$ cat my_file.cif   # mmCIF, C-alpha atoms and all ligand atoms
data_work
#
loop_
_atom_site.label_atom_id
_atom_site.label_comp_id
_atom_site.auth_asym_id
_atom_site.auth_seq_id
_atom_site.Cartn_x
_atom_site.Cartn_y
_atom_site.Cartn_z
CA GLY A 1 61.69 108.23 50.39
CA TYR A 2 62.17 108.92 54.08
CA HIS A 3 60.76 105.57 55.09
CA LYS A 4 63.26 103.88 52.84
CA ILE A 5 66.10 105.78 54.45
CA LEU A 6 64.85 104.67 57.87
CA GLU A 7 64.70 101.10 56.65
CA GLU A 8 68.26 101.32 55.36
CA ASN A 9 69.32 102.90 58.60
CA ARG A 10 67.69 100.12 60.57
CA LYS A 11 69.36 97.46 58.43
CA LEU A 12 72.74 99.05 58.89
CA TYR A 13 72.18 99.40 62.60
CA ASN A 14 71.08 95.80 62.87
CA GLN A 15 74.17 94.61 61.07
CA VAL A 16 76.37 96.43 63.54
CA GLN A 17 74.20 95.14 66.38
CA ASP A 18 74.39 91.60 65.06
CA LEU A 19 78.13 91.66 65.09
CA LYS A 20 78.12 92.93 68.61
CA GLY A 21 75.32 90.65 69.78
CA ASN A 22 72.23 91.87 71.56
CA ILE A 23 73.77 91.86 75.00
CA ARG A 24 76.35 94.32 76.09
CA VAL A 25 78.10 94.92 79.36
CA TYR A 26 79.70 98.23 80.29
CA CYS A 27 81.72 98.63 83.46
CA ARG A 28 81.86 101.93 85.35
CA VAL A 29 84.23 102.78 88.20
CA ARG A 30 82.98 105.29 90.77
CA PRO A 31 85.42 108.06 91.73
CA PHE A 32 86.44 108.43 95.37
CA LEU A 33 83.94 110.40 97.39
CA PRO A 34 85.00 113.37 99.49
CA GLY A 35 86.66 112.17 102.67
CA GLN A 36 87.58 108.71 101.40
CA SER A 37 91.21 107.69 101.48
CA ASN A 38 92.20 107.33 97.85
CA LEU A 39 93.94 103.99 97.92
CA SER A 40 92.44 102.54 94.78
CA THR A 41 92.16 98.85 93.92
CA VAL A 42 91.71 99.79 90.29
CA GLY A 43 94.87 99.39 88.24
CA HIS A 44 94.96 99.78 84.49
CA ILE A 45 91.83 100.76 82.59
CA ASP A 46 91.45 100.91 78.86
CA ASP A 47 88.47 101.13 76.56
CA GLY A 48 87.49 97.49 77.00
CA SER A 49 89.33 96.09 80.00
CA ILE A 50 90.07 96.72 83.64
CA THR A 51 92.70 95.38 85.99
CA ILE A 52 92.05 95.08 89.72
CA LEU A 53 94.93 94.97 92.18
CA THR A 54 94.30 92.16 94.63
CA PRO A 55 95.67 91.43 98.10
CA PRO A 56 97.73 88.23 98.65
CA LYS A 57 94.78 86.10 99.71
CA TYR A 58 93.45 86.29 96.13
CA GLY A 59 96.51 84.65 94.63
CA LYS A 60 100.13 85.53 94.07
CA GLU A 61 99.73 87.48 90.80
CA GLY A 62 98.38 90.42 92.73
CA HIS A 63 96.02 91.46 89.95
CA LYS A 64 93.04 90.26 87.94
CA SER A 65 91.88 91.54 84.55
CA PHE A 66 88.39 91.59 83.10
CA THR A 67 87.15 92.33 79.60
CA PHE A 68 83.91 94.12 78.77
CA ASN A 69 82.33 95.85 75.81
CA LYS A 70 83.38 99.13 77.36
CA VAL A 71 84.99 100.36 80.56
CA PHE A 72 84.39 103.84 81.98
CA GLY A 73 86.94 105.12 84.46
CA PRO A 74 86.22 107.39 87.44
CA PHE A 75 86.51 110.52 85.34
CA ALA A 76 83.97 109.56 82.70
CA THR A 77 81.19 112.11 82.49
CA GLN A 78 77.48 111.32 82.42
CA GLU A 79 77.47 112.43 78.80
CA GLU A 80 80.26 110.05 77.82
CA VAL A 81 78.59 107.18 79.62
CA PHE A 82 75.36 107.83 77.78
CA SER A 83 76.81 108.37 74.33
CA ASP A 84 77.24 104.69 73.56
CA THR A 85 73.69 104.06 74.64
CA GLN A 86 72.14 106.38 72.11
CA PRO A 87 71.68 103.84 69.27
CA LEU A 88 69.57 101.74 71.63
CA ILE A 89 67.20 104.66 72.19
CA ARG A 90 66.71 105.09 68.47
CA SER A 91 65.87 101.42 68.13
CA VAL A 92 63.01 101.77 70.65
CA LEU A 93 61.33 104.14 68.21
CA ASP A 94 61.90 101.59 65.46
CA GLY A 95 59.92 99.05 67.45
CA TYR A 96 62.46 97.23 69.58
CA ASN A 97 62.33 96.36 73.26
CA VAL A 98 65.33 97.51 75.22
CA CYS A 99 66.42 96.77 78.78
CA ILE A 100 69.09 98.79 80.54
CA PHE A 101 70.24 97.55 83.93
CA ALA A 102 72.41 99.07 86.63
CA TYR A 103 74.18 96.39 88.67
CA GLY A 104 76.61 96.67 91.58
CA GLN A 105 76.98 96.82 95.33
CA THR A 106 75.22 99.58 97.27
CA GLY A 107 77.12 102.84 96.95
CA ALA A 108 78.93 101.89 93.74
CA GLY A 109 76.98 104.38 91.61
CA LYS A 110 73.93 102.61 90.13
CA THR A 111 71.49 105.40 90.87
CA TYR A 112 74.07 107.96 89.80
CA THR A 113 74.31 106.33 86.36
CA MET A 114 70.58 105.85 85.92
CA SER A 115 69.25 109.07 87.45
CA GLY A 116 72.16 111.23 88.57
CA PRO A 117 73.22 112.70 91.92
CA LYS A 118 70.67 113.95 94.46
CA VAL A 119 71.06 117.52 93.31
CA LEU A 120 70.60 117.41 89.56
CA THR A 121 72.09 119.75 87.03
CA GLU A 122 71.77 119.35 83.29
CA GLN A 123 75.33 118.02 83.15
CA SER A 124 74.70 115.40 85.78
CA PHE A 125 71.49 114.00 84.29
CA GLY A 126 71.60 110.22 84.25
CA VAL A 127 70.69 107.71 81.57
CA ASN A 128 66.94 107.97 82.36
CA TYR A 129 66.64 111.63 81.51
CA ARG A 130 68.99 111.51 78.58
CA ALA A 131 67.14 108.55 77.12
CA LEU A 132 63.79 110.30 77.48
CA ASN A 133 65.20 113.48 76.00
CA ASP A 134 66.41 111.56 72.99
CA LEU A 135 63.09 109.75 72.62
CA PHE A 136 61.14 112.98 72.58
CA HIS A 137 63.69 114.64 70.36
CA ILE A 138 63.82 111.90 67.73
CA SER A 139 60.05 111.46 67.75
CA LYS A 140 59.72 115.18 66.96
CA GLU A 141 62.27 114.87 64.17
CA ARG A 142 60.12 112.19 62.62
CA LYS A 143 56.84 114.03 63.04
CA ASP A 144 56.19 114.27 59.29
CA THR A 145 56.27 110.52 58.88
CA PHE A 146 55.36 109.09 62.29
CA CYS A 147 53.01 109.97 65.08
CA TYR A 148 54.37 108.68 68.39
CA GLU A 149 52.66 108.18 71.74
CA ILE A 150 54.93 107.77 74.72
CA SER A 151 53.84 106.63 78.17
CA VAL A 152 55.61 105.67 81.37
CA GLN A 153 55.15 103.30 84.28
CA MET A 154 57.18 102.63 87.41
CA ILE A 155 57.44 99.32 89.18
CA GLU A 156 59.28 98.27 92.28
CA ILE A 157 60.16 94.69 93.12
CA TYR A 158 60.66 94.08 96.80
CA ASN A 159 60.96 90.63 98.37
CA GLU A 160 59.73 89.03 95.15
CA GLN A 161 56.60 91.16 95.15
CA LEU A 162 55.67 93.71 92.53
CA PHE A 163 54.46 97.18 93.37
CA LEU A 164 53.14 99.60 90.86
CA LEU A 165 54.17 103.09 91.87
CA LYS A 166 51.37 105.61 91.46
CA PHE A 167 52.00 108.93 89.87
CA SER A 168 49.31 110.72 91.81
CA PRO A 169 50.52 112.83 94.73
CA PHE A 170 47.23 112.24 96.52
CA CYS A 171 47.13 108.49 96.26
CA PRO A 172 47.52 106.51 99.47
CA ARG A 173 51.09 105.90 100.41
CA LYS A 174 50.76 102.21 99.97
CA PRO A 175 51.58 101.34 96.37
CA LEU A 176 49.27 99.21 94.33
CA HIS A 177 50.07 95.59 94.58
CA VAL A 178 50.24 93.71 91.34
CA ASP A 179 49.23 90.12 91.65
CA THR A 180 51.21 87.28 90.14
CA LEU A 181 48.14 86.48 88.08
CA ASP A 182 48.50 89.82 86.35
CA ILE A 183 51.81 88.79 84.94
CA ARG A 184 51.07 87.66 81.48
CA ASN A 185 52.99 87.32 78.31
CA SER A 186 52.21 90.21 76.14
CA SER A 187 54.17 90.60 72.96
CA GLN A 188 51.89 93.55 72.20
CA THR A 189 53.14 95.81 74.90
CA GLY A 190 56.42 94.09 75.48
CA PHE A 191 55.66 94.19 79.14
CA ALA A 192 54.14 91.61 81.39
CA VAL A 193 52.14 93.96 83.58
CA PRO A 194 48.96 95.46 82.16
CA ASP A 195 49.94 98.84 80.83
CA ALA A 196 46.63 100.42 81.76
CA ASN A 197 48.49 102.22 84.50
CA SER A 198 51.03 103.77 82.26
CA VAL A 199 50.71 107.51 81.97
CA PRO A 200 51.01 109.38 78.65
CA VAL A 201 53.82 111.92 78.62
CA THR A 202 55.00 114.58 76.21
CA SER A 203 58.15 116.01 77.74
CA THR A 204 61.13 115.05 79.87
CA THR A 205 60.21 117.61 82.52
CA GLU A 206 56.84 115.94 82.91
CA VAL A 207 58.48 112.55 83.39
CA ILE A 208 60.91 113.92 85.96
CA GLU A 209 57.97 115.21 87.98
CA LEU A 210 56.15 111.89 87.73
CA MET A 211 59.25 109.94 88.73
CA ASP A 212 59.63 112.15 91.75
CA ILE A 213 56.10 111.38 92.86
CA GLY A 214 56.58 107.69 92.06
CA GLN A 215 59.71 107.58 94.22
CA LYS A 216 57.86 109.22 97.10
CA ASN A 217 55.07 106.68 96.77
CA ARG A 218 57.44 103.79 97.36
CA ALA A 219 56.11 102.00 100.40
CA VAL A 220 58.13 103.12 103.37
CA SER A 221 58.57 100.53 106.05
CA ALA A 222 60.22 101.05 109.40
CA THR A 223 63.52 101.37 107.61
CA SER A 224 64.51 104.53 105.82
CA MET A 225 63.77 105.23 102.16
CA ASN A 226 67.40 105.10 101.29
CA ASP A 227 67.80 101.67 102.74
CA ARG A 228 64.81 100.36 100.97
CA SER A 229 65.91 101.69 97.63
CA SER A 230 69.06 99.63 97.84
CA ARG A 231 67.11 96.47 98.66
CA SER A 232 64.52 96.65 95.92
CA HIS A 233 64.71 96.75 92.15
CA SER A 234 63.14 99.77 90.57
CA CYS A 235 62.04 99.76 86.97
CA LEU A 236 61.02 102.73 84.88
CA THR A 237 59.27 101.55 81.75
CA ILE A 238 58.68 103.66 78.70
CA HIS A 239 56.15 102.44 76.17
CA VAL A 240 56.34 103.83 72.68
CA GLN A 241 53.70 103.44 70.04
CA GLY A 242 54.25 104.93 66.62
CA ARG A 243 51.87 105.13 63.70
CA GLU A 244 53.33 105.60 60.29
CA LEU A 245 51.26 108.34 58.72
CA ALA A 246 51.45 107.09 55.14
CA SER A 247 50.51 103.46 55.75
CA GLY A 248 48.74 103.66 59.11
CA ALA A 249 50.94 100.81 60.31
CA PHE A 250 51.91 100.65 63.99
CA VAL A 251 55.28 100.05 65.58
CA ARG A 252 55.57 99.37 69.28
CA GLY A 253 58.70 99.49 71.34
CA SER A 254 59.55 99.69 75.00
CA MET A 255 62.43 100.56 77.22
CA HIS A 256 62.98 99.33 80.74
CA LEU A 257 65.45 101.23 82.86
CA VAL A 258 66.23 99.12 85.89
CA ASP A 259 68.08 100.27 88.99
CA LEU A 260 68.79 96.90 90.60
CA ALA A 261 69.00 96.14 94.31
CA GLY A 262 72.52 96.20 95.78
CA SER A 263 74.41 93.04 94.86
CA GLU A 264 76.43 92.81 98.10
CA ARG A 265 76.35 89.50 99.85
CA VAL A 266 75.38 89.69 103.47
CA ASN A 267 77.06 87.76 106.18
CA LYS A 268 74.53 85.18 107.28
CA SER A 269 75.84 85.14 110.80
CA GLU A 270 75.24 88.87 111.12
CA VAL A 271 71.76 89.32 109.76
CA LYS A 272 68.51 87.71 110.76
CA GLY A 273 64.80 88.05 110.16
CA ASP A 274 63.69 90.64 107.60
CA ARG A 275 67.18 91.51 106.51
CA LEU A 276 68.09 87.93 105.85
CA LYS A 277 64.88 87.40 103.92
CA GLU A 278 65.51 90.50 101.82
CA ALA A 279 69.06 89.43 101.11
CA GLN A 280 67.94 85.99 100.02
CA HIS A 281 65.33 87.43 97.67
CA ILE A 282 67.89 89.81 96.18
CA ASN A 283 70.47 87.08 95.68
CA LYS A 284 67.92 84.86 94.08
CA SER A 285 66.67 87.45 91.63
CA LEU A 286 70.10 88.76 90.64
CA ALA A 287 71.32 85.21 90.10
CA ALA A 288 68.20 84.52 88.02
CA LEU A 289 68.90 87.61 85.93
CA GLY A 290 72.49 86.50 85.35
CA ASP A 291 71.27 83.02 84.38
CA VAL A 292 68.75 84.40 81.90
CA ILE A 293 71.21 86.75 80.26
CA SER A 294 73.93 84.15 79.93
CA ALA A 295 71.43 81.56 78.63
CA LEU A 296 70.37 84.12 76.03
CA ALA A 297 73.94 84.92 75.10
CA GLN A 298 74.64 81.21 74.66
CA LYS A 299 71.50 80.92 72.56
CA SER A 300 70.41 78.15 74.85
CA SER A 301 67.06 76.49 74.04
CA HIS A 302 65.74 76.90 77.58
CA ILE A 303 65.78 80.35 79.09
CA PRO A 304 64.97 80.20 82.83
CA TYR A 305 62.68 83.25 83.07
CA ARG A 306 60.46 81.62 85.71
CA ASN A 307 63.05 81.75 88.47
CA SER A 308 62.36 85.30 89.63
CA LYS A 309 59.76 88.04 89.43
CA LEU A 310 62.29 90.34 87.80
CA THR A 311 63.00 88.02 84.88
CA GLN A 312 59.31 87.14 84.57
CA LEU A 313 58.39 90.78 84.45
CA LEU A 314 60.93 91.52 81.74
CA GLN A 315 60.52 88.25 79.88
CA ASP A 316 59.28 89.78 76.65
CA SER A 317 62.01 92.36 76.70
CA LEU A 318 64.89 90.00 77.31
CA GLY A 319 65.84 87.82 74.39
CA GLY A 320 64.45 87.51 70.89
CA GLN A 321 64.88 90.82 69.12
CA ALA A 322 65.28 92.69 72.41
CA LYS A 323 68.47 94.51 73.25
CA THR A 324 70.06 94.41 76.66
CA LEU A 325 72.68 96.62 78.20
CA MET A 326 74.08 96.15 81.67
CA PHE A 327 76.05 98.85 83.44
CA VAL A 328 78.18 97.19 86.06
CA HIS A 329 79.41 99.45 88.85
CA ILE A 330 82.37 99.08 91.13
CA SER A 331 83.75 101.10 94.02
CA PRO A 332 87.51 101.73 94.02
CA GLU A 333 88.02 101.42 97.81
CA ALA A 334 90.23 98.74 99.28
CA ASP A 335 87.55 97.51 101.65
CA ALA A 336 85.20 96.89 98.72
CA ILE A 337 87.67 94.50 97.07
CA SER A 338 85.75 91.32 97.65
CA GLU A 339 82.46 92.80 96.35
CA THR A 340 84.35 94.37 93.45
CA LEU A 341 85.73 91.00 92.40
CA SER A 342 82.42 89.21 92.74
CA THR A 343 80.66 91.98 90.80
CA LEU A 344 83.20 91.74 87.99
CA LYS A 345 82.97 87.97 87.93
CA PHE A 346 79.20 88.16 87.63
CA ALA A 347 79.54 90.71 84.86
CA GLU A 348 82.14 88.69 83.04
CA ARG A 349 79.93 85.65 83.11
CA VAL A 350 77.24 87.74 81.47
CA ALA A 351 79.60 89.35 78.95
CA MET A 352 82.25 86.79 78.05
CA VAL A 353 79.87 84.10 76.95
CA GLU A 354 78.78 86.31 74.13
CA LEU A 355 82.27 86.80 72.74
CA GLY A 356 82.78 83.06 72.66
CA ALA A 357 79.44 81.89 71.36
CA ALA A 358 77.74 84.52 69.24
CA GLN A 359 77.37 84.38 65.47
CA VAL A 360 79.94 81.76 64.68
CA ASN A 361 78.88 81.85 61.06
CA LYS A 362 79.48 85.51 60.51
CA ASP A 363 82.84 85.74 58.86
CA ASN A 364 83.72 89.30 59.64
CA GLY A 365 87.44 89.90 59.62
CA GLU A 366 87.48 92.19 62.63
CA VAL A 367 85.33 89.91 64.74
CA LYS A 368 87.50 86.96 63.81
CA GLU A 369 90.59 88.89 64.74
CA LEU A 370 89.09 89.91 68.08
CA ARG A 371 87.99 86.38 68.78
CA LEU A 372 91.50 85.11 68.17
CA GLN A 373 92.82 87.75 70.51
CA VAL A 374 90.34 86.77 73.19
CA ALA A 375 91.26 83.12 72.77
CA SER A 376 94.96 83.80 73.10
CA LEU A 377 94.42 86.06 76.10
CA LYS A 378 92.31 83.38 77.72
CA ALA A 379 95.00 80.81 77.07
CA ALA A 380 97.63 83.11 78.55
CA LEU A 381 95.45 83.64 81.60
CA ALA A 382 94.82 79.93 82.02
CA LYS A 383 98.56 79.31 81.98
CA LYS A 384 99.10 81.89 84.68
CA GLU A 385 96.43 80.50 86.99
P1 LIG B 401 74.03 103.06 94.46
O1 LIG B 401 72.78 103.52 93.79
O2 LIG B 401 74.77 102.02 93.68
O3 LIG B 401 73.80 102.61 95.86
P2 LIG B 401 74.76 105.83 94.29
O4 LIG B 401 74.49 106.10 92.87
O5 LIG B 401 73.75 106.31 95.28
O6 LIG B 401 75.06 104.29 94.55
O7 LIG B 401 76.21 106.44 94.63
C1 LIG B 401 76.71 106.56 95.94
C2 LIG B 401 77.30 107.97 96.10
O8 LIG B 401 78.37 108.17 95.19
C3 LIG B 401 76.31 109.06 95.83
O9 LIG B 401 76.57 110.13 96.70
C4 LIG B 401 76.61 109.45 94.39
O10 LIG B 401 76.23 110.79 94.11
C5 LIG B 401 78.13 109.26 94.32
N1 LIG B 401 78.56 108.86 92.98
C6 LIG B 401 78.32 107.67 92.39
N2 LIG B 401 78.85 107.60 91.16
C7 LIG B 401 79.47 108.78 90.96
C8 LIG B 401 80.22 109.35 89.85
N3 LIG B 401 80.42 108.66 88.74
N4 LIG B 401 80.70 110.60 90.01
C9 LIG B 401 80.47 111.30 91.15
N5 LIG B 401 79.78 110.84 92.20
C10 LIG B 401 79.28 109.59 92.12
MG MG B 402 70.81 103.48 94.50
#
$ encode --input "my_file.cif" --output "structure tokens" --more "lines below"
Ligand code: ADP
Ligand code: MG
Amino acid sequence: GYHKILEENRKLYNQVQDLKGNIRVYCRVRPFLPGQSNLSTVGHIDDGSITILTPPKYGKEGHKSFTFNKVFGPFATQEEVFSDTQPLIRSVLDGYNVCIFAYGQTGAGKTYTMSGPKVLTEQSFGVNYRALNDLFHISKERKDTFCYEISVQMIEIYNEQLFLLKFSPFCPRKPLHVDTLDIRNSSQTGFAVPDANSVPVTSTTEVIELMDIGQKNRAVSATSMNDRSSRSHSCLTIHVQGRELASGAFVRGSMHLVDLAGSERVNKSEVKGDRLKEAQHINKSLAALGDVISALAQKSSHIPYRNSKLTQLLQDSLGGQAKTLMFVHISPEADAISETLSTLKFAERVAMVELGAAQVNKDNGEVKELRLQVASLKAALAKKE
């Protein structure tokens, strides 16, 4: 009985998902921070679009609009931001692989969305904690039909090198280095790195403690921790294995929560040496991620996973049945305008393709209507430009 309901539920969910496509992009605008002058470049915001007010050098219209699956303004709460993510969490327990990314320039709010502010309260918990809470909660709800095992792993990618962050407070400061050779395709675990190092967990509190230790075990170079965190990608992976009690059948799902390196472009004339190298690695991997996602959205026959460690690492969780969500962050300040526009352009490339190309055969009235709207808006825009 119950299993059948779950099946029905999954079918329904998949239908909705299918219409939406497996790739979604949400934009979030950071509020002004204390002490900042509040001259905002953000004009109109509605549920699915955002208008940026641009200075004369960006063209005479004085504004640019972008469309996403969802736009969260500066007053959106952590709870609101998470609420649309909830169906994805459920699908992990049904055996899907899910990737959630936070993209944007340093200071735009990536870590805030994924983890929360430095001093955490229950209200300010980020996506990580809320997702884990839901996972544990739903797995308990299903305890009469499924037995779930949940484990976590943390990986940092810095200068195209992978580091496995240890969860032991007594382990040497230097994180374990994962060799390229260890990257393998594993449809079993949905993760390219051997999951031997993933640690079984039973509560959100436990995970928060582990993540704290993991963060502290990030290799600290001469530069400060804070700096490093904005120049490396950090990935929290949650493996879920469920056994259906009646049949003994297994389902495996995974969720990758990725706080990406800052997307800001550095001025080549101003940085040299290590900084320049870091910046080049970051640019390369973020571009590779954008290429992979847009190739997937276009249902292209070749998906260029090989172009960066990040996309290689997540290969089995990007594409196919996997579901991807990207939170794109922007800062409202006037001096961030050029990064804001390049961030939104990147995001639009990732998001817009889907609206144009996905499921041409599905003759859903609403989708058709929306597509027509998009087409006419595009035409109107093209005329203006
Ligand atoms: P990033 O990780 O992109 O570099 P952070 O998440 O560290 O940026 O955000 C920079 C600062 O702005 C932090 O002090 C953070 O607490 C604050 N902040 C970011 N987003 C929000 C938000 N939505 N509401 C309140 N404060 C925020
Ligand atoms: Mg950060």
$ closest_atom_pairs --input "my_file.cif" --of "chain A" --to "ligand LIG 401 (chain B)" --cutoff "7 Å" --atoms "all atoms listed in the file" --output "CSV"
residue,atom,partner,partner_atom,distance
A:Arg30,CA,B:LIG401,N3,4.7
A:Pro31,CA,B:LIG401,N4,5.6
A:Leu33,CA,B:LIG401,O8,6.4
A:Pro74,CA,B:LIG401,N3,6.1
A:Gly104,CA,B:LIG401,O2,6.0
A:Gln105,CA,B:LIG401,O2,5.9
A:Thr106,CA,B:LIG401,O3,3.6
A:Gly107,CA,B:LIG401,O6,3.5
A:Ala108,CA,B:LIG401,O2,4.2
A:Gly109,CA,B:LIG401,O4,3.3
A:Lys110,CA,B:LIG401,O2,3.7
A:Thr111,CA,B:LIG401,O4,3.7
A:Tyr112,CA,B:LIG401,O4,3.6
A:Thr113,CA,B:LIG401,O4,6.5
A:Gly116,CA,B:LIG401,O10,6.9
A:Pro117,CA,B:LIG401,O10,4.2
A:Lys118,CA,B:LIG401,O10,6.4
A:Ser230,CA,B:LIG401,O3,5.9
A:Gly262,CA,B:LIG401,O3,6.5
$ closest_residue --input "my_file.cif" --among "A:Lys143, A:His233, A:Lys64, A:Lys277" --to "ligand MG 402 (chain B)" --atoms "only C-alpha atoms and all ligand atoms"
A:His233
$ atom_distance --input "my_file.cif" --atom1 "atom CA of A:Gly59" --atom2 "atom CA of A:Ser342"
14.9 Å
$ closest_residue --input "my_file.cif" --among "A:Arg306, A:Glu80, A:Asn283, A:His329" --to "ligand MG 402 (chain B)" --atoms "all atoms listed in the file"
A:His329
$ closest_residue --input "my_file.cif" --among "A:Thr145, A:Ser232, A:Gln86, A:Asn217" --to "A:Ser247" --atoms "all atoms listed in the file"
A:Thr145
$ atom_distance --input "my_file.cif" --atom1 "atom CA of A:Ser65" --atom2 "atom CA of A:Ser49"
6.9 Å
$ residues_around --input "my_file.cif" --residues "A:Leu341" --least-positions-apart "6" --cutoff "9 Å" --atoms "all atoms listed in the file" --output "ChimeraX atom specification"
/A:52,54,64,330
$ closest_residue --input "my_file.cif" --among "A:Arg231, A:His239, A:Arg349, A:Arg265" --to "A:Asp291" --atoms "only C-alpha atoms"
A:Arg349
$ closest_residue --input "my_file.cif" --among "A:Met154, A:Val25, A:Val98, A:Ala379" --to "A:Val71" --atoms "only C-alpha atoms"
A:Val25
$ axis_aligned_box --input "my_file.cif" --around "stretch 22-32 of chain A" --padding-each-side "6 Å" --output "JSON"
{"center_x": 79.3, "center_y": 100.1, "center_z": 83.5, "size_x": 26.2, "size_y": 28.6, "size_z": 35.8}
$ atom_distance --input "my_file.cif" --atom1 "atom CA of A:Ser151" --atom2 "atom CA of A:Glu209"
13.7 Å
$ closest_residue --input "my_file.cif" --among "A:Cys99, A:Val199, A:Ala261, A:Leu132" --to "ligand MG 402 (chain B)" --atoms "all atoms listed in the file"
A:Ala261
$ residues_around --input "my_file.cif" --residues "A:Tyr96" --least-positions-apart "6" --cutoff "12 Å" --atoms "all atoms listed in the file" --output "MDAnalysis selection string"
chainID A and resid 10 14 22 87:90 187:190 238:242 251:256 316:324
$ write_last_selection --input "my_file.cif" --atoms "C-alpha atoms" --output "PDB file, in the coordinates of the input"
ATOM      1  CA  ARG A  10      67.690 100.120  60.570  1.00  0.00           C
ATOM      2  CA  ASN A  14      71.080  95.800  62.870  1.00  0.00           C
ATOM      3  CA  ASN A  22      72.230  91.870  71.560  1.00  0.00           C
ATOM      4  CA  PRO A  87      71.680 103.840  69.270  1.00  0.00           C
ATOM      5  CA  LEU A  88      69.570 101.740  71.630  1.00  0.00           C
ATOM      6  CA  ILE A  89      67.200 104.660  72.190  1.00  0.00           C
ATOM      7  CA  ARG A  90      66.710 105.090  68.470  1.00  0.00           C
ATOM      8  CA  SER A 187      54.170  90.600  72.960  1.00  0.00           C
ATOM      9  CA  GLN A 188      51.890  93.550  72.200  1.00  0.00           C
ATOM     10  CA  THR A 189      53.140  95.810  74.900  1.00  0.00           C
ATOM     11  CA  GLY A 190      56.420  94.090  75.480  1.00  0.00           C
ATOM     12  CA  ILE A 238      58.680 103.660  78.700  1.00  0.00           C
ATOM     13  CA  HIS A 239      56.150 102.440  76.170  1.00  0.00           C
ATOM     14  CA  VAL A 240      56.340 103.830  72.680  1.00  0.00           C
ATOM     15  CA  GLN A 241      53.700 103.440  70.040  1.00  0.00           C
ATOM     16  CA  GLY A 242      54.250 104.930  66.620  1.00  0.00           C
ATOM     17  CA  VAL A 251      55.280 100.050  65.580  1.00  0.00           C
ATOM     18  CA  ARG A 252      55.570  99.370  69.280  1.00  0.00           C
ATOM     19  CA  GLY A 253      58.700  99.490  71.340  1.00  0.00           C
ATOM     20  CA  SER A 254      59.550  99.690  75.000  1.00  0.00           C
ATOM     21  CA  MET A 255      62.430 100.560  77.220  1.00  0.00           C
ATOM     22  CA  HIS A 256      62.980  99.330  80.740  1.00  0.00           C
ATOM     23  CA  ASP A 316      59.280  89.780  76.650  1.00  0.00           C
ATOM     24  CA  SER A 317      62.010  92.360  76.700  1.00  0.00           C
ATOM     25  CA  LEU A 318      64.890  90.000  77.310  1.00  0.00           C
ATOM     26  CA  GLY A 319      65.840  87.820  74.390  1.00  0.00           C
ATOM     27  CA  GLY A 320      64.450  87.510  70.890  1.00  0.00           C
ATOM     28  CA  GLN A 321      64.880  90.820  69.120  1.00  0.00           C
ATOM     29  CA  ALA A 322      65.280  92.690  72.410  1.00  0.00           C
ATOM     30  CA  LYS A 323      68.470  94.510  73.250  1.00  0.00           C
ATOM     31  CA  THR A 324      70.060  94.410  76.660  1.00  0.00           C
TER      32      THR A 324
END
$ residues_around --input "my_file.cif" --residues "A:Ala347" --least-positions-apart "6" --cutoff "12 Å" --atoms "all atoms listed in the file" --output "MDAnalysis selection string"
chainID A and resid 23:28 66:71 101:104 263 286:287 289:291 293:294 325:330 340:341 353:354
